[in-house]
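Data first, discussion second: the structure below is written as structure tokens.
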Amino acid sequence: MDSVKIGDQIWSLNNSTIKAFSNGEEIHHSTSKEDWEECGLIEKPAWCYYDFDEKNEKYGLLYNGYVFIDPMWEDKPRELSQDGFKVPTLEDWNQLDEFIGGKDNVDQLKSSEGWEKVETDDNDNEIKTPLQYDDQHGFNCLPSGWVNDQGEFYQLGSISKFWSSTQNDDGSGKVWSRIVGFKFMSVSIKPENGYSVRLIKK
């Protein structure tokens, strides 16, 4: 797996495209809005391409949070991992935040291509302006967008949302995530949503 060392951490260089758990069980591939919503309702681990279109695999896959909060299958650990890399905990993300100097320095993590500013004119037409970043640490964060619990896609080109493996301990069932957008924010999100995954060395 291609990787980059940032501070004391080693991160995978690209968003995950892993389609099976470490025990060999395939993760369900969702191909429609109806199916994605159903997976959320029955708490079934699933992944999809942005817009359910394979051409978007370059951004990695979007996974629902049940990939991380349903860790057992036939008494064997079921996790998303590869080549000694794992899904980062919230603390792992916090360590990266500290290394770059805080949430206001999120632009240091963005890839040099693919980002754009989206505005609307007086006629509600979208105007997209390319943005340039220097990818200061080689994290290569592409703006991979996200999908909500109803299978509706948003913000390809302008935001990345990454899962952690850490559940919120408030009893809500939500999972902590890290957002690369205007700032580097931590938010606990219901697991029916679909976010990207970036792996970290164990």
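Letters A, B, ... mark the chains of the structure tokens in the order given; residue numbers begin at 1 per chain; ligand numbers begin at 1, in order shown.
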Among segment 86-191 of chain A, which residues does DSSP mark as strand (DSSP E) when it is run on the backbone? Keep the chain and numbering as in the structure and answer as a VMD selection string. chain A and resid 86 116 to 120 126 to 130 144 to 147 153 to 156 160 to 167 175 to 180 184 to 189
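Every protein or nucleic acid residue with an atom no more than 9 Å from segment 117-133 of chain A, counting only C-alpha atoms and leaving out same-chain residues fewer than 6 positions away, appears here: A:Asp107, A:Gln108, A:Leu109, A:Lys110, A:Ser111, A:Gly157, A:Ser158.
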So, with only C-alpha atoms as the atoms that count, which of A:Gly181, A:Phe139, A:Val187, A:Gly151 lies closest to Glu116 of chain A?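 Among the listed residues, A:Gly181 lies closest to Glu116 of chain A.
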Which of these, A:Met185, A:Val147, A:Ile179, A:Leu96, has the shortest distance to Trp11 of chain A once you count only C-alpha atoms?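 Smallest separation from Trp11 of chain A among the options: A:Leu96.
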Which neighbours of Phe85 of chain A fall inside 8 Å, counting only C-alpha atoms, when residues of the same chain fewer than 4 positions from it are skipped, and could you give them as a list in words?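 Contacts, in chain order: Ser12, Ser81, Leu199, Ile200, Lys201 and Lys202 of chain A.
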Write out as a PyMOL selection string each polymer residue whose atoms come within 10 Å of Asn94 of chain A, counting only C-alpha atoms; drop sequence neighbours fewer than 3 positions from it. chain A and resi 88-91+97-99+102-103+178+184-186
Preceding selection exported with N, CA, C and O atoms as a tab-separated table (two decimals), in the first residue's frame:
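Saved to selection_16.tsv:
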```tsv
chain	number	residue	atom	x	y	z
A	88	PRO	N	-8.47	4.72	11.18
A	88	PRO	CA	-7.98	5.52	12.32
A	88	PRO	C	-9.04	5.74	13.38
A	88	PRO	O	-10.23	5.83	13.09
A	89	THR	N	-8.60	5.83	14.62
A	89	THR	CA	-9.48	6.24	15.71
A	89	THR	C	-9.62	7.77	15.68
A	89	THR	O	-8.90	8.47	14.95
A	90	LEU	N	-10.53	8.28	16.47
A	90	LEU	CA	-10.66	9.74	16.59
A	90	LEU	C	-9.35	10.33	17.11
A	90	LEU	O	-8.92	11.40	16.66
A	91	GLU	N	-8.70	9.64	18.02
A	91	GLU	CA	-7.42	10.13	18.57
A	91	GLU	C	-6.36	10.21	17.48
A	91	GLU	O	-5.53	11.12	17.47
A	97	ASP	N	-4.38	16.49	13.41
A	97	ASP	CA	-4.82	17.88	13.60
A	97	ASP	C	-3.76	18.67	14.36
A	97	ASP	O	-3.39	19.79	13.96
A	98	GLU	N	-3.24	18.08	15.42
A	98	GLU	CA	-2.22	18.75	16.22
A	98	GLU	C	-0.94	18.98	15.40
A	98	GLU	O	-0.32	20.05	15.49
A	99	PHE	N	-0.59	18.00	14.57
A	99	PHE	CA	0.65	18.13	13.79
A	99	PHE	C	0.57	19.29	12.80
A	99	PHE	O	1.57	20.00	12.60
A	102	GLY	N	-3.64	22.68	13.97
A	102	GLY	CA	-5.03	22.99	14.28
A	102	GLY	C	-5.94	23.04	13.07
A	102	GLY	O	-5.50	23.03	11.92
A	103	LYS	N	-7.24	23.08	13.35
A	103	LYS	CA	-8.27	22.94	12.31
A	103	LYS	C	-8.21	24.03	11.25
A	103	LYS	O	-8.66	23.81	10.12
A	178	ARG	N	-14.16	12.94	10.60
A	178	ARG	CA	-13.30	14.11	10.43
A	178	ARG	C	-13.59	14.72	9.07
A	178	ARG	O	-13.58	14.01	8.05
A	184	PHE	N	-10.89	21.77	9.65
A	184	PHE	CA	-10.64	20.36	9.92
A	184	PHE	C	-11.45	19.99	11.16
A	184	PHE	O	-10.97	20.05	12.28
A	185	MET	N	-12.71	19.61	10.95
A	185	MET	CA	-13.66	19.49	12.04
A	185	MET	C	-13.94	18.04	12.42
A	185	MET	O	-13.99	17.16	11.56
A	186	SER	N	-14.17	17.81	13.72
A	186	SER	CA	-14.64	16.52	14.21
A	186	SER	C	-16.14	16.62	14.47
A	186	SER	O	-16.59	17.52	15.17
```
Within 10 Å of segment 14-16 of chain A, counting only C-alpha atoms, which residues show up once you throw out same-chain ones fewer than 2 positions away? Write them as a PyMOL selection string, please. chain A and resi 1-4+11-12+18-19+57-63+80-82+87+139-142+144+162+196-199
Taking 6 positions as the minimum chain separation for residues in the same chain, which residues sit within 6 Å of Ile159 of chain A when counting only C-alpha atoms? Answer as a list of chain:residue names. A:Pro143, A:Gly145, A:Val180, A:Gly181
Written file, previous selection with N, CA, C and O atoms, as a compact mmCIF listing (two decimals), in the first residue's frame:
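Contents of the output file again-v8.txt:
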```txt
# COMPACT_ATOMS: atom_id res chain seq x y z
N PRO A 143 -11.27 15.79 -2.88
CA PRO A 143 -12.60 16.22 -2.44
C PRO A 143 -13.65 15.19 -2.84
O PRO A 143 -14.33 15.33 -3.86
N GLY A 145 -16.56 14.12 -1.57
CA GLY A 145 -17.99 14.25 -1.33
C GLY A 145 -18.51 13.22 -0.32
O GLY A 145 -17.74 12.57 0.39
N VAL A 180 -12.74 17.44 6.06
CA VAL A 180 -11.76 18.30 5.41
C VAL A 180 -12.54 19.22 4.47
O VAL A 180 -12.98 18.81 3.40
N GLY A 181 -12.71 20.44 4.92
CA GLY A 181 -13.45 21.43 4.14
C GLY A 181 -12.88 22.80 4.42
O GLY A 181 -11.68 23.03 4.28
```
Nearest-residue call for Asp35 of chain A, choices A:Phe182, A:Gly171, A:Asp149, A:Gln136, using only C-alpha atoms: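 Of all the options, A:Asp149 lies closest to Asp35 of chain A.
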Which polymer residues have any atom within 8 Å of an atom of Ile27 of chain A, counting only C-alpha atoms, with same-chain residues fewer than 4 positions away left out, as a list of chain:residue names? A:Lys19, A:Ala20, A:Phe21, A:Pro45, A:Ala46, A:Trp47, A:Val67
Dump of N, CA, C and O atoms for the selected residues, as an mmCIF file, in the first residue's frame:
```cif
data_model
loop_
_atom_site.group_PDB
_atom_site.id
_atom_site.type_symbol
_atom_site.label_atom_id
_atom_site.label_comp_id
_atom_site.auth_asym_id
_atom_site.auth_seq_id
_atom_site.Cartn_x
_atom_site.Cartn_y
_atom_site.Cartn_z
ATOM 1 N N LYS A 19 -13.050 -3.751 -0.525
ATOM 2 C CA LYS A 19 -14.429 -4.190 -0.702
ATOM 3 C C LYS A 19 -14.778 -5.433 0.121
ATOM 4 O O LYS A 19 -15.842 -6.026 -0.063
ATOM 5 N N ALA A 20 -13.887 -5.822 1.025
ATOM 6 C CA ALA A 20 -14.134 -6.980 1.879
ATOM 7 C C ALA A 20 -13.511 -6.747 3.248
ATOM 8 O O ALA A 20 -12.534 -6.006 3.389
ATOM 9 N N PHE A 21 -14.091 -7.379 4.268
ATOM 10 C CA PHE A 21 -13.519 -7.327 5.605
ATOM 11 C C PHE A 21 -12.250 -8.168 5.661
ATOM 12 O O PHE A 21 -11.982 -8.988 4.771
ATOM 13 N N PRO A 45 -23.660 -3.320 6.909
ATOM 14 C CA PRO A 45 -22.457 -2.691 6.365
ATOM 15 C C PRO A 45 -22.515 -2.638 4.834
ATOM 16 O O PRO A 45 -22.867 -3.631 4.186
ATOM 17 N N ALA A 46 -22.165 -1.484 4.271
ATOM 18 C CA ALA A 46 -22.260 -1.321 2.817
ATOM 19 C C ALA A 46 -21.304 -0.249 2.330
ATOM 20 O O ALA A 46 -20.870 0.618 3.088
ATOM 21 N N TRP A 47 -20.990 -0.310 1.034
ATOM 22 C CA TRP A 47 -20.209 0.733 0.385
ATOM 23 C C TRP A 47 -20.845 1.054 -0.962
ATOM 24 O O TRP A 47 -21.632 0.263 -1.503
ATOM 25 N N VAL A 67 -19.991 -0.444 8.861
ATOM 26 C CA VAL A 67 -18.754 -1.167 8.571
ATOM 27 C C VAL A 67 -17.854 -1.193 9.808
ATOM 28 O O VAL A 67 -17.074 -2.124 9.995
#
```
Coordinates-based distance that separates atom CA of Ser188 of chain A from atom CA of His29 of chain A (Å, one decimal):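 Pair atom CA of His29 of chain A / atom CA of Ser188 of chain A returns 24.0 Å.
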Give the helix (DSSP H, G or I) residues of segment 30-196 of chain A, as DSSP finds them on the backbone, and put them as a PyMOL selection string. chain A and resi 33-41+50-52+54-59+66-69+90-100+103-109
What does the file look like for those residues with N, CA, C and O atoms, as a compact mmCIF listing (two decimals), in the first residue's frame?
```
# COMPACT_ATOMS: atom_id res chain seq x y z
N LYS A 33 -30.26 4.19 -4.74
CA LYS A 33 -30.73 4.96 -3.59
C LYS A 33 -31.54 4.10 -2.64
O LYS A 33 -31.38 4.16 -1.42
N GLU A 34 -32.43 3.28 -3.22
CA GLU A 34 -33.31 2.45 -2.41
C GLU A 34 -32.52 1.43 -1.60
O GLU A 34 -32.80 1.19 -0.42
N ASP A 35 -31.52 0.83 -2.24
CA ASP A 35 -30.71 -0.17 -1.56
C ASP A 35 -29.88 0.47 -0.46
O ASP A 35 -29.75 -0.08 0.65
N TRP A 36 -29.29 1.63 -0.74
CA TRP A 36 -28.48 2.32 0.28
C TRP A 36 -29.33 2.65 1.50
O TRP A 36 -28.92 2.42 2.65
N GLU A 37 -30.51 3.16 1.27
CA GLU A 37 -31.40 3.51 2.38
C GLU A 37 -31.79 2.26 3.17
O GLU A 37 -31.82 2.27 4.41
N GLU A 38 -32.07 1.16 2.46
CA GLU A 38 -32.43 -0.09 3.12
C GLU A 38 -31.28 -0.60 4.00
O GLU A 38 -31.51 -1.08 5.12
N CYS A 39 -30.06 -0.51 3.51
CA CYS A 39 -28.90 -0.95 4.30
C CYS A 39 -28.82 -0.18 5.61
O CYS A 39 -28.51 -0.75 6.67
N GLY A 40 -29.08 1.12 5.55
CA GLY A 40 -29.07 1.91 6.77
C GLY A 40 -30.16 1.50 7.74
O GLY A 40 -29.95 1.42 8.95
N LEU A 41 -31.35 1.20 7.21
CA LEU A 41 -32.48 0.84 8.06
C LEU A 41 -32.26 -0.48 8.78
O LEU A 41 -32.68 -0.65 9.93
N TYR A 50 -19.40 7.15 -5.48
CA TYR A 50 -20.11 8.42 -5.55
C TYR A 50 -21.01 8.39 -6.78
O TYR A 50 -20.59 8.02 -7.88
N ASP A 51 -22.28 8.77 -6.58
CA ASP A 51 -23.30 8.72 -7.64
C ASP A 51 -23.56 7.30 -8.14
O ASP A 51 -24.12 7.12 -9.23
N PHE A 52 -23.14 6.30 -7.37
CA PHE A 52 -23.26 4.89 -7.77
C PHE A 52 -22.59 4.63 -9.12
O PHE A 52 -23.01 3.76 -9.87
N GLU A 54 -19.03 3.81 -11.13
CA GLU A 54 -17.69 3.26 -10.96
C GLU A 54 -16.59 4.21 -11.41
O GLU A 54 -15.45 4.12 -10.94
N LYS A 55 -16.90 5.13 -12.30
CA LYS A 55 -15.89 6.08 -12.77
C LYS A 55 -15.35 6.95 -11.64
O LYS A 55 -14.28 7.55 -11.75
N ASN A 56 -16.08 7.00 -10.54
CA ASN A 56 -15.66 7.82 -9.40
C ASN A 56 -14.81 7.04 -8.39
O ASN A 56 -14.54 7.55 -7.30
N GLU A 57 -14.36 5.84 -8.76
CA GLU A 57 -13.54 5.06 -7.84
C GLU A 57 -12.22 5.75 -7.51
O GLU A 57 -11.61 5.49 -6.47
N LYS A 58 -11.78 6.67 -8.36
CA LYS A 58 -10.54 7.39 -8.07
C LYS A 58 -10.62 8.18 -6.77
O LYS A 58 -9.60 8.52 -6.17
N TYR A 59 -11.85 8.48 -6.31
CA TYR A 59 -12.04 9.19 -5.05
C TYR A 59 -12.11 8.23 -3.86
O TYR A 59 -12.25 8.66 -2.73
N TYR A 66 -21.83 1.37 9.61
CA TYR A 66 -22.00 0.02 10.14
C TYR A 66 -20.82 -0.88 9.77
O TYR A 66 -20.68 -1.98 10.34
N VAL A 67 -19.99 -0.44 8.86
CA VAL A 67 -18.75 -1.17 8.57
C VAL A 67 -17.85 -1.19 9.81
O VAL A 67 -17.07 -2.12 9.99
N PHE A 68 -18.01 -0.21 10.69
CA PHE A 68 -17.10 -0.09 11.84
C PHE A 68 -17.75 -0.44 13.17
O PHE A 68 -17.05 -0.81 14.11
N ILE A 69 -19.07 -0.33 13.27
CA ILE A 69 -19.70 -0.55 14.58
C ILE A 69 -20.36 -1.92 14.67
O ILE A 69 -21.07 -2.22 15.62
N LEU A 90 -10.53 8.28 16.47
CA LEU A 90 -10.66 9.74 16.59
C LEU A 90 -9.35 10.33 17.11
O LEU A 90 -8.92 11.40 16.66
N GLU A 91 -8.70 9.64 18.02
CA GLU A 91 -7.42 10.13 18.57
C GLU A 91 -6.36 10.21 17.48
O GLU A 91 -5.53 11.12 17.47
N ASP A 92 -6.35 9.25 16.54
CA ASP A 92 -5.41 9.31 15.43
C ASP A 92 -5.64 10.59 14.61
O ASP A 92 -4.68 11.28 14.23
N TRP A 93 -6.89 10.88 14.33
CA TRP A 93 -7.20 12.11 13.59
C TRP A 93 -6.81 13.35 14.40
O TRP A 93 -6.30 14.33 13.85
N ASN A 94 -7.04 13.31 15.70
CA ASN A 94 -6.67 14.45 16.55
C ASN A 94 -5.16 14.68 16.52
O ASN A 94 -4.69 15.84 16.57
N GLN A 95 -4.40 13.61 16.45
CA GLN A 95 -2.94 13.74 16.39
C GLN A 95 -2.51 14.41 15.10
O GLN A 95 -1.60 15.25 15.08
N LEU A 96 -3.17 14.06 13.99
CA LEU A 96 -2.88 14.72 12.72
C LEU A 96 -3.25 16.20 12.79
O LEU A 96 -2.51 17.07 12.29
N ASP A 97 -4.38 16.49 13.41
CA ASP A 97 -4.82 17.88 13.60
C ASP A 97 -3.76 18.67 14.36
O ASP A 97 -3.39 19.79 13.96
N GLU A 98 -3.24 18.08 15.42
CA GLU A 98 -2.22 18.75 16.22
C GLU A 98 -0.94 18.98 15.40
O GLU A 98 -0.32 20.05 15.49
N PHE A 99 -0.59 18.00 14.57
CA PHE A 99 0.65 18.13 13.79
C PHE A 99 0.57 19.29 12.80
O PHE A 99 1.57 20.00 12.60
N ILE A 100 -0.57 19.48 12.16
CA ILE A 100 -0.68 20.57 11.18
C ILE A 100 -0.95 21.93 11.83
O ILE A 100 -1.00 22.95 11.15
N LYS A 103 -7.24 23.08 13.35
CA LYS A 103 -8.27 22.94 12.31
C LYS A 103 -8.21 24.03 11.25
O LYS A 103 -8.66 23.81 10.12
N ASP A 104 -7.67 25.21 11.58
CA ASP A 104 -7.62 26.29 10.60
C ASP A 104 -6.58 26.05 9.51
O ASP A 104 -6.56 26.76 8.50
N ASN A 105 -5.72 25.05 9.69
CA ASN A 105 -4.66 24.77 8.72
C ASN A 105 -4.99 23.57 7.83
O ASN A 105 -4.11 22.93 7.27
N VAL A 106 -6.27 23.29 7.66
CA VAL A 106 -6.72 22.12 6.91
C VAL A 106 -6.24 22.12 5.46
O VAL A 106 -6.04 21.06 4.86
N ASP A 107 -6.02 23.30 4.87
CA ASP A 107 -5.60 23.36 3.47
C ASP A 107 -4.27 22.63 3.24
O ASP A 107 -3.97 22.23 2.11
N GLN A 108 -3.48 22.44 4.30
CA GLN A 108 -2.20 21.73 4.17
C GLN A 108 -2.40 20.28 3.72
O GLN A 108 -1.47 19.65 3.20
N LEU A 109 -3.59 19.73 3.94
CA LEU A 109 -3.86 18.33 3.65
C LEU A 109 -4.49 18.10 2.27
O LEU A 109 -4.60 16.96 1.82
```
Could you tell me how far atom CA of Phe153 of chain A lies from atom CA of Gly24 of chain A, in Å and to one decimal?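 Answer for the atom CA of Phe153 of chain A to atom CA of Gly24 of chain A separation: 28.6 Å.
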Ranking A:Ser32, A:Gln9, A:Glu43, A:Gly114 by minimum distance to Gln155 of chain A and counting only C-alpha atoms, which one comes first? A:Gly114
